[in-house]
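Notes to accompany the following structure.
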Amino acid sequence: MARNTGFSGAKCNGVSPSVPGFGNAEEGRITRQLESRYCAGCDLNGANLSERDLSGADLGFTNLSSATLRATKLSGANLNSADLSSANLYDANLADAHLGNADLSGADLSFARLNRARLTNADLKGANLKGTNLSGANLRFTDLRFADLRGADLSGADLRFADLRFADLRFAHLRHTIYNENTIFPDRFDRATPGLQCESRDAQDRRSCNLEKRVDDSVLSQFLNFRLFSCKQKKVS
């Protein structure tokens with residue numbers, strides 16, 4: 001008997017979801033779980049869940065790798081440790097979502113809403129975050145290497161201990177964005193960018209990361225003063 005590879009008869013919020021590779025019994029079970037907003041640990045690899053309302057759903061440890069979630073409502077959802085690698089989350093609403101330890105590497109999150117989302121220790125390596133709303137998001141210990149953050153709203157976001165090597169931060173909004181001495185910015189990134197705020201464990205560390213650029217400027221100033229003094233000495237002699 002040929003195996004049914006789609007949710008042909010199932011409905012999720014009035015729309016038939018498409019999840020390849022499941023038999024009828026398995027499709028029905030997952031559909032019921034999605035309708036109840038509890039599908040923790042489900043295997044939804046490659047599923048098409050675009051424009052679904054999964055607000056507040058429990059999808060912790062769920063496999064959503066390569067899934068299509070365009071404009072899907074996931075506000076307040078639990079996606080802790082979920083696999084969203086290479087997923088399409090364009091224009092999705094993930095406001096206040098829990099994404100700690102989630103794998104979002106290579107995911108398309110462009111123009112998505114991740115305001116106040118918890119992304120501690122998440123993997124966003126190579127993710128498309130162009131125009132994404134990350135205001136107030138917790139990005140501590142997050143891997144943002146090679147991420148496209150052009151035009152992203154990072155106002156009020158917490159970037160302490162985050163790794164942003166090779167990330168593209170052009171035109172990103174950084175008002176009240178928090179970092180510390182362990183935040184790794186891209187090469188040639190100016191930590192004196194208006195709006196960035198340095199917060200550290202103690203006053204000494206705070207001073208070291210706040211004054212990093214000023215120290216460099218001070219060294220340059222001392223060097224120029226030394227050159228000027230040398231020139232004056234030569235003229236006197």
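Starting from 1 in every chain, residues are counted up; chains themselves are A, B, ... following the order of the structure tokens, and ligands are numbered from 1 as listed.
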
Non-local contacts of A:Gly195 (10 Å; only C-alpha atoms; under 6 positions in same chain excluded) as a compact mmCIF listing (two decimals) with N, CA, C and O atoms, in the first residue's frame:
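Result saved to result-v5.txt:
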# COMPACT_ATOMS: atom_id res chain seq x y z
N SER A 155 17.65 47.54 19.57
CA SER A 155 17.54 48.50 20.66
C SER A 155 17.11 47.78 21.94
O SER A 155 16.15 47.02 21.95
N GLY A 156 17.87 48.01 23.01
CA GLY A 156 17.57 47.40 24.29
C GLY A 156 17.90 45.92 24.38
O GLY A 156 17.64 45.28 25.40
N HIS A 173 19.95 49.17 14.40
CA HIS A 173 19.59 50.12 15.45
C HIS A 173 20.13 49.59 16.78
O HIS A 173 19.74 48.50 17.22
N LEU A 174 21.01 50.36 17.41
CA LEU A 174 21.72 49.89 18.60
C LEU A 174 21.48 50.77 19.82
O LEU A 174 22.28 50.78 20.75
N ARG A 175 20.38 51.47 19.86
CA ARG A 175 20.09 52.36 20.99
C ARG A 175 19.82 51.53 22.25
O ARG A 175 18.96 50.65 22.27
N HIS A 176 20.59 51.81 23.31
CA HIS A 176 20.48 51.12 24.59
C HIS A 176 20.81 49.63 24.50
O HIS A 176 20.41 48.85 25.38
N THR A 177 21.49 49.22 23.45
CA THR A 177 21.94 47.84 23.33
C THR A 177 23.07 47.59 24.33
O THR A 177 23.99 48.40 24.44
N ILE A 178 23.00 46.49 25.04
CA ILE A 178 23.95 46.21 26.11
C ILE A 178 25.00 45.20 25.64
O ILE A 178 24.67 44.21 24.99

**OP:** Based on DSSP run over this structure's backbone, return all residues of stretch 59-227 of chain A in alpha helix (DSSP H), as a PyMOL selection string.
**Re:** chain A and resi 203-210+212-227

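Shortest separation to A:Thr142 among A:Ala157, A:Ala162, A:Cys42, A:Ala127 occurs at residue A:Ala162, atoms counted being only C-alpha atoms.
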
**OP:** Would you please work out which residue, of A:Asn48, A:Ser105, A:Ser135, A:Ser110, is nearest to A:Leu69 when using only C-alpha atoms?
**Re:** A:Asn48

Original post:
With distances taken over only C-alpha atoms, which of A:Ala102, A:Thr132, A:Glu27, A:Asn45 is nearest to A:Gly60?
Top reply: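 For A:Gly60, the nearest of the candidates is A:Ala102.
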
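For the choices A:Asn101, A:Gln33, A:Ser66, A:Asn93, the atom-to-atom distance to A:Gly46 is smallest for A:Ser66 when using only C-alpha atoms.
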
Original post:
Neighbours of A:Leu44 within 8 Å (only C-alpha atoms; same-chain residues fewer than 4 positions away dropped), as JSON, numbers by chain?
Top reply: {"A": [19, 62, 63, 64, 65, 67]}

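Residues surrounding A:Phe61 within 12 Å are Tyr38, Cys39, Ala40, Gly41, Cys42, Asp43, Leu44, Ser65, Asn78, Leu79, Asn80, Ser81, Ala82, Asp83, Leu84, His98, Leu99, Gly100, Asn101, Ala102 and Asp103 of chain A [only C-alpha atoms; sequence separation below 4 positions excluded].
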
Original post:
Any idea what's packed within 8 Å of A:Ala147, counting only C-alpha atoms, ignoring anything in its chain fewer than 2 positions away? Could you give it as an MDAnalysis selection string?
Top reply: chainID A and resid 124:129 144:145 149 164 166:168

**OP:** Could you check which of A:Ala192, A:Leu34, A:Leu134, A:Ala47 is closest to A:Ala87, using only C-alpha atoms?
**Re:** A:Ala47

Subject >> Spatial neighbours of A:Ala77, max dist 9 Å, only C-alpha atoms, sep filter under 5 positions, as JSON, numbers by chain >> reply: {"A": [54, 55, 56, 57, 58, 59, 60, 94, 95, 96, 97, 98, 99]}

**OP:** Tell me, in Å to one decimal, how far atom CA of A:Ala117 is from atom CA of A:Pro186.
**Re:**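 Separating atom CA of A:Ala117 from atom CA of A:Pro186 is a distance of 23.0 Å.
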